[in-house]
file target-v2.tsv (TSV, C-alpha atoms)
chain	number	residue	atom	x	y	z
A	1	MET	CA	14.21	21.28	14.08
A	2	SER	CA	11.77	18.59	15.23
A	3	GLU	CA	10.04	16.23	12.82
A	4	PRO	CA	6.39	17.05	12.06
A	5	GLN	CA	3.99	15.07	14.24
A	6	VAL	CA	1.62	12.85	12.28
A	7	ARG	CA	-1.29	10.66	13.30
A	8	ALA	CA	-1.43	8.03	10.60
A	9	ALA	CA	-3.57	5.02	9.84
A	10	ALA	CA	-1.89	2.20	7.97
A	11	VAL	CA	-4.32	0.34	5.71
A	12	VAL	CA	-3.02	-3.12	4.77
A	13	LEU	CA	-4.82	-4.66	1.79
A	14	ALA	CA	-5.29	-8.43	1.81
A	15	SER	CA	-8.53	-8.86	-0.14
A	16	GLY	CA	-7.11	-10.15	-3.42
A	17	ALA	CA	-6.93	-13.79	-4.44
A	18	GLY	CA	-3.28	-13.91	-5.52
A	19	THR	CA	-3.80	-16.81	-7.92
A	20	ARG	CA	-0.45	-16.34	-9.71
A	21	VAL	CA	1.44	-17.66	-6.72
A	22	GLY	CA	-0.06	-21.08	-7.51
A	23	SER	CA	-1.98	-21.75	-4.31
A	24	ALA	CA	-5.66	-22.31	-3.60
A	25	THR	CA	-5.16	-20.28	-0.41
A	26	ASN	CA	-4.99	-16.50	-0.49
A	27	LYS	CA	-1.24	-15.91	-0.84
A	28	VAL	CA	-1.04	-13.52	2.10
A	29	TYR	CA	-1.70	-16.45	4.44
A	30	LEU	CA	1.05	-18.67	3.00
A	31	PRO	CA	3.93	-19.40	5.38
A	32	LEU	CA	6.98	-17.15	5.33
A	33	ALA	CA	9.78	-17.98	7.78
A	34	GLY	CA	7.36	-19.82	10.05
A	35	ARG	CA	4.57	-17.23	10.08
A	36	PRO	CA	1.80	-16.28	7.66
A	37	LEU	CA	3.09	-13.71	5.18
A	38	LEU	CA	0.41	-11.20	6.22
A	39	HIS	CA	1.66	-11.17	9.82
A	40	TRP	CA	4.97	-9.72	8.63
A	41	SER	CA	3.13	-6.97	6.69
A	42	LEU	CA	0.96	-5.99	9.66
A	43	ASP	CA	3.81	-6.09	12.17
A	44	ALA	CA	5.83	-3.72	9.98
A	45	PHE	CA	3.43	-0.92	10.99
A	46	ALA	CA	2.25	-1.91	14.46
A	47	GLY	CA	3.87	0.21	17.14
A	48	LEU	CA	5.83	2.49	14.82
A	49	PRO	CA	6.05	6.19	15.76
A	50	GLY	CA	3.27	8.13	14.04
A	51	ILE	CA	1.07	5.08	13.40
A	52	ALA	CA	-2.13	5.55	15.39
A	53	ALA	CA	-4.12	2.70	13.83
A	54	VAL	CA	-3.59	-0.32	11.60
A	55	VAL	CA	-6.52	-1.48	9.47
A	56	LEU	CA	-6.56	-4.87	7.75
A	57	VAL	CA	-8.82	-5.14	4.69
A	58	ALA	CA	-9.64	-8.80	4.05
A	59	ARG	CA	-12.02	-11.01	2.11
A	60	PRO	CA	-15.11	-12.27	3.98
A	61	GLN	CA	-14.20	-15.85	3.04
A	62	ASP	CA	-10.87	-15.42	4.88
A	63	GLN	CA	-12.60	-14.27	8.07
A	64	ASP	CA	-11.00	-16.74	10.49
A	65	LEU	CA	-7.48	-16.26	9.15
A	66	ALA	CA	-7.96	-12.50	8.99
A	67	GLU	CA	-9.23	-12.30	12.57
A	68	THR	CA	-6.17	-14.21	13.79
A	69	ALA	CA	-3.81	-11.91	11.88
A	70	ALA	CA	-5.58	-8.75	13.00
A	71	SER	CA	-5.69	-9.83	16.64
A	72	ALA	CA	-1.98	-10.67	16.68
A	73	ALA	CA	-1.09	-7.19	15.38
A	74	GLY	CA	-3.73	-5.21	17.26
A	75	ALA	CA	-5.27	-4.24	13.92
A	76	GLU	CA	-8.85	-3.34	13.05
A	77	LEU	CA	-10.58	-5.62	10.52
A	78	VAL	CA	-12.64	-4.42	7.56
A	79	HIS	CA	-14.11	-6.47	4.72
A	80	GLY	CA	-12.90	-5.60	1.23
A	81	GLY	CA	-14.89	-4.92	-1.91
A	82	SER	CA	-14.92	-6.30	-5.43
A	83	SER	CA	-11.86	-4.28	-6.48
A	84	ARG	CA	-8.75	-2.83	-4.89
A	85	GLN	CA	-10.20	0.67	-5.09
A	86	GLU	CA	-13.47	-0.39	-3.46
A	87	SER	CA	-11.51	-2.11	-0.71
A	88	GLU	CA	-9.56	1.08	-0.08
A	89	LEU	CA	-12.82	3.03	0.03
A	90	HIS	CA	-14.22	0.62	2.64
A	91	ALA	CA	-11.16	1.27	4.81
A	92	LEU	CA	-11.42	5.05	4.38
A	93	ARG	CA	-15.10	5.01	5.30
A	94	HIS	CA	-14.22	2.93	8.38
A	95	LEU	CA	-11.77	5.68	9.37
A	96	ALA	CA	-13.98	8.60	8.25
A	97	GLY	CA	-15.06	9.71	11.73
A	98	ARG	CA	-11.49	9.91	12.99
A	99	ILE	CA	-10.38	11.64	9.78
A	100	ARG	CA	-13.04	14.33	10.14
A	101	THR	CA	-12.12	15.05	13.76
A	102	GLY	CA	-8.39	15.15	12.94
A	103	GLU	CA	-7.60	12.09	15.05
A	104	ILE	CA	-6.19	10.63	11.82
A	105	ASP	CA	-4.45	13.09	9.50
A	106	THR	CA	-2.51	10.71	7.23
A	107	VAL	CA	-3.39	7.42	5.54
A	108	LEU	CA	-0.87	4.90	4.28
A	109	ILE	CA	-2.10	2.28	1.80
A	110	HIS	CA	0.06	-0.86	1.77
A	111	ASP	CA	-0.14	-4.10	-0.18
A	112	GLY	CA	-0.28	-7.00	2.26
A	113	ALA	CA	1.79	-9.05	-0.19
A	114	ARG	CA	4.83	-6.82	0.54
A	115	PRO	CA	5.96	-8.35	3.84
A	116	LEU	CA	9.47	-6.88	4.03
A	117	VAL	CA	8.69	-3.16	4.07
A	118	GLY	CA	11.06	-1.51	6.50
A	119	PRO	CA	10.60	1.19	9.15
A	120	GLU	CA	12.96	3.57	7.35
A	121	LEU	CA	10.83	3.59	4.19
A	122	ILE	CA	7.61	3.99	6.19
A	123	ALA	CA	9.14	6.90	8.11
A	124	GLU	CA	10.26	8.59	4.90
A	125	VAL	CA	6.80	8.26	3.35
A	126	LEU	CA	5.25	9.77	6.49
A	127	ARG	CA	7.77	12.63	6.47
A	128	THR	CA	7.10	13.37	2.79
A	129	VAL	CA	3.33	13.35	3.28
A	130	ALA	CA	3.68	15.78	6.20
A	131	GLU	CA	5.74	18.11	4.01
A	132	HIS	CA	4.03	17.80	0.63
A	133	GLY	CA	0.70	15.99	1.01
A	134	GLY	CA	1.34	12.80	-0.95
A	135	ALA	CA	4.14	10.26	-1.35
A	136	VAL	CA	4.70	7.18	-3.51
A	137	PRO	CA	7.82	5.05	-3.08
A	138	GLY	CA	9.34	3.51	-6.17
A	139	LEU	CA	12.48	2.08	-7.72
A	140	LEU	CA	14.08	3.67	-10.76
A	141	ALA	CA	13.18	1.49	-13.76
A	142	ASP	CA	16.39	1.78	-15.76
A	143	ASP	CA	15.62	-1.49	-17.58
A	144	VAL	CA	12.22	-0.41	-18.96
A	145	GLU	CA	11.63	0.36	-22.65
A	146	ALA	CA	8.49	1.78	-24.24
A	147	ALA	CA	6.79	-0.15	-27.05
A	148	SER	CA	4.76	1.10	-29.98
A	149	ALA	CA	0.97	0.77	-29.80
A	150	ASP	CA	0.94	-2.26	-32.11
A	151	GLY	CA	3.84	-3.93	-30.30
A	152	THR	CA	6.04	-4.19	-33.37
A	153	ALA	CA	8.81	-1.79	-32.34
A	154	LEU	CA	10.28	0.16	-29.49
A	155	ALA	CA	8.96	3.66	-29.09
A	156	PRO	CA	10.63	6.77	-27.64
A	157	THR	CA	10.78	6.62	-23.85
A	158	PRO	CA	8.47	9.17	-22.20
A	159	PRO	CA	10.25	12.18	-20.71
A	160	GLY	CA	11.32	11.99	-17.10
A	161	ARG	CA	12.47	9.02	-15.05
A	162	MET	CA	10.38	5.87	-15.00
A	163	VAL	CA	9.82	4.21	-11.63
A	164	LYS	CA	8.34	0.92	-10.46
A	165	ALA	CA	5.82	1.98	-7.84
A	166	GLN	CA	5.80	0.34	-4.42
A	167	THR	CA	3.72	0.72	-1.28
A	168	PRO	CA	2.99	2.17	1.22
A	169	GLN	CA	1.57	5.10	-0.69
A	170	GLY	CA	0.74	7.92	1.71
A	171	PHE	CA	-1.65	10.89	1.54
A	172	ARG	CA	-3.31	13.50	3.70
A	173	ALA	CA	-6.33	11.71	5.07
A	174	ALA	CA	-9.10	14.26	4.50
A	175	GLU	CA	-8.13	14.85	0.88
A	176	LEU	CA	-7.83	11.12	0.21
A	177	LEU	CA	-11.28	10.40	1.64
A	178	ALA	CA	-12.80	13.18	-0.48
A	179	VAL	CA	-11.02	11.89	-3.59
A	180	TYR	CA	-12.31	8.36	-3.13
A	181	GLU	CA	-15.85	9.45	-2.47
A	182	ARG	CA	-15.76	11.54	-5.65
A	183	ALA	CA	-14.26	8.67	-7.66
A	184	ALA	CA	-17.03	6.37	-6.41
A	185	ALA	CA	-19.71	8.92	-7.30
A	186	GLU	CA	-18.34	9.33	-10.82
A	187	GLY	CA	-17.58	5.64	-11.40
A	188	PHE	CA	-13.86	6.22	-11.94
A	189	THR	CA	-11.40	3.38	-11.35
A	190	GLY	CA	-7.72	4.27	-11.15
A	191	THR	CA	-4.64	2.10	-11.59
A	192	ASP	CA	-3.57	2.77	-8.00
A	193	THR	CA	-4.19	5.16	-5.12
A	194	ALA	CA	-2.03	7.90	-6.60
A	195	SER	CA	-3.92	7.87	-9.92
A	196	CYS	CA	-7.18	8.68	-8.10
A	197	VAL	CA	-5.50	11.50	-6.21
A	198	GLU	CA	-4.03	12.94	-9.40
A	199	ARG	CA	-7.42	12.74	-11.14
A	200	PHE	CA	-9.56	14.41	-8.48
A	201	SER	CA	-7.29	16.72	-6.49
A	202	ASP	CA	-4.39	19.14	-6.70
A	203	LEU	CA	-2.55	17.33	-3.91
A	204	PRO	CA	1.12	17.07	-4.92
A	205	VAL	CA	2.39	13.49	-4.95
A	206	HIS	CA	6.16	13.19	-4.44
A	207	TRP	CA	8.37	10.27	-5.35
A	208	VAL	CA	10.26	8.61	-2.50
A	209	PRO	CA	13.14	6.25	-3.34
A	210	GLY	CA	11.91	2.72	-2.72
A	211	ASP	CA	13.65	-0.31	-1.29
A	212	GLN	CA	14.80	-3.39	-3.23
A	213	ARG	CA	13.83	-5.55	-0.25
A	214	ASN	CA	10.25	-4.31	-0.40
A	215	LEU	CA	9.31	-6.90	-3.00
A	216	LYS	CA	5.78	-8.01	-3.77
A	217	ILE	CA	5.02	-11.71	-3.46
A	218	THR	CA	3.48	-12.57	-6.83
A	219	TYR	CA	5.01	-15.88	-7.91
A	220	PRO	CA	6.25	-18.93	-5.93
A	221	HIS	CA	9.91	-17.98	-6.34
A	222	ASP	CA	9.22	-14.63	-4.64
A	223	LEU	CA	8.59	-16.51	-1.39
A	224	VAL	CA	12.01	-18.14	-1.71
A	225	VAL	CA	13.64	-14.74	-2.23
A	226	ALA	CA	11.82	-13.28	0.76
A	227	GLU	CA	12.87	-16.23	2.93
A	228	GLY	CA	16.48	-15.63	1.91
A	229	LEU	CA	16.30	-11.93	2.75
A	230	LEU	CA	14.84	-12.65	6.17
A	231	ALA	CA	17.51	-15.30	6.83
A	232	ALA	CA	20.19	-12.79	5.85
A	233	GLY	CA	18.75	-10.21	8.21
A	234	GLY	CA	17.23	-8.19	5.32

call {"tool": "encode", "arguments": {"input": "target-v2.tsv", "output": "structure tokens"}}
result
Amino acid sequence: MSEPQVRAAAVVLASGAGTRVGSATNKVYLPLAGRPLLHWSLDAFAGLPGIAAVVLVARPQDQDLAETAASAAGAELVHGGSSRQESELHALRHLAGRIRTGEIDTVLIHDGARPLVGPELIAEVLRTVAEHGGAVPGLLADDVEAASADGTALAPTPPGRMVKAQTPQGFRAAELLAVYERAAAEGFTGTDTASCVERFSDLPVHWVPGDQRNLKITYPHDLVVAEGLLAAGG
């Protein structure tokens, strides 16, 4: 049986400041194995089966760096907003015409600070979206404990398995656009893409096992770890 055919847009978010990494420069433009970190994130999607467009969402003050990164990957460039959710909305509105005509039927939202996302994980997210409508990769959080509201004691762990969410998070494009327009109209801000979908639609969101290599660059030592994984062929 053949795999379902998808026409996806990969939205790569690079409009945050990333101050915790300890650099005055937006962290996604810091060097990683001889190239800006963001170039790795964009190249992870460019040319993959099922990816019809790659959209980079960047800060206006990073225009020159963003144009270079987008040009190298054949990506479209969109300016971000004042929040992650607003930046995602800008990208969805940029794609709206193609979504409405069916040229784009799936949208992947990826954090540009995750440069080592692999093709296998992207393919599994796309497959799960085609089957169910929504997919969020994540790692089982076996080392997580719940705390009481006042922080003085451990509380019972919520039922079900806890996961540490990763990106790309994938959704049917038309439903995602409608969800974000409704969230904007009602002034709702979610914790991530999936939280908006769960609030404003009945679209089922399925968990996809994540990848340990798909780390997010947050602190300086994360760059060292990523360099090591690339050197080891990870």

call {"tool": "closest_residue", "arguments": {"input": "target-v2.tsv", "among": "A:Pro60, A:Pro36, A:Gly50, A:Gly228", "to": "Ser82 of chain A", "atoms": "only C-alpha atoms"}}
result
A:Pro60

call {"tool": "atom_distance", "arguments": {"input": "target-v2.tsv", "atom1": "atom CA of Glu181 of chain A", "atom2": "atom CA of Leu56 of chain A"}}
result
19.9 Å

call {"tool": "residues_around", "arguments": {"input": "target-v2.tsv", "residues": "Ala66 of chain A", "least_positions_apart": "2", "cutoff": "9 Å", "atoms": "all atoms listed in the file", "output": "MDAnalysis selection string"}}
result
chainID A and resid 14 29 38 56:60 62:64 68:71 77

call {"tool": "closest_residue", "arguments": {"input": "target-v2.tsv", "among": "A:His79, A:Thr25, A:Val225, A:Val136", "to": "Ala91 of chain A", "atoms": "all atoms listed in the file"}}
result
A:His79

call {"tool": "closest_residue", "arguments": {"input": "target-v2.tsv", "among": "A:Phe171, A:Trp40, A:Phe45, A:Tyr180", "to": "His90 of chain A", "atoms": "all atoms listed in the file"}}
result
A:Tyr180

call {"tool": "closest_residue", "arguments": {"input": "target-v2.tsv", "among": "A:Arg182, A:Arg213, A:Arg7, A:His206", "to": "Gly102 of chain A", "atoms": "only C-alpha atoms"}}
result
A:Arg7

call {"tool": "atom_distance", "arguments": {"input": "target-v2.tsv", "atom1": "atom CA of Gly16 of chain A", "atom2": "atom CA of Gly80 of chain A"}}
result
8.7 Å

call {"tool": "closest_residue", "arguments": {"input": "target-v2.tsv", "among": "A:Pro220, A:Pro31, A:Pro168, A:Gly187", "to": "Ala123 of chain A", "atoms": "all atoms listed in the file"}}
result
A:Pro168

call {"tool": "atom_distance", "arguments": {"input": "target-v2.tsv", "atom1": "atom CA of Ala113 of chain A", "atom2": "atom CA of Ile217 of chain A"}}
result
5.3 Å

call {"tool": "residues_around", "arguments": {"input": "target-v2.tsv", "residues": "Val129 of chain A", "least_positions_apart": "3", "cutoff": "9 Å", "atoms": "all atoms listed in the file", "output": "ChimeraX atom specification"}}
result
/A:106,124-126,132-135,170-172,205-206

call {"tool": "residues_around", "arguments": {"input": "target-v2.tsv", "residues": "Lys216 of chain A", "least_positions_apart": "4", "cutoff": "8 Å", "atoms": "only C-alpha atoms", "output": "list in words"}}
result
Asp111, Ala113, Arg114, Pro115 and Asp222 of chain A

call {"tool": "residues_near_point", "arguments": {"input": "target-v2.tsv", "point": "(5.8, -16.1, 5.8)", "cutoff": "10 Å", "atoms": "only C-alpha atoms", "output": "PyMOL selection string"}}
result
chain A and resi 27-41+115+223-224+226-227+230

call {"tool": "residues_near_point", "arguments": {"input": "target-v2.tsv", "point": "(-5.4, 13.8, -10.0)", "cutoff": "12 Å", "atoms": "all atoms listed in the file", "output": "count of residues only"}}
result
24

call {"tool": "closest_residue", "arguments": {"input": "target-v2.tsv", "among": "A:Tyr219, A:Glu103, A:Ala46, A:Ala147", "to": "Ala75 of chain A", "atoms": "all atoms listed in the file"}}
result
A:Ala46
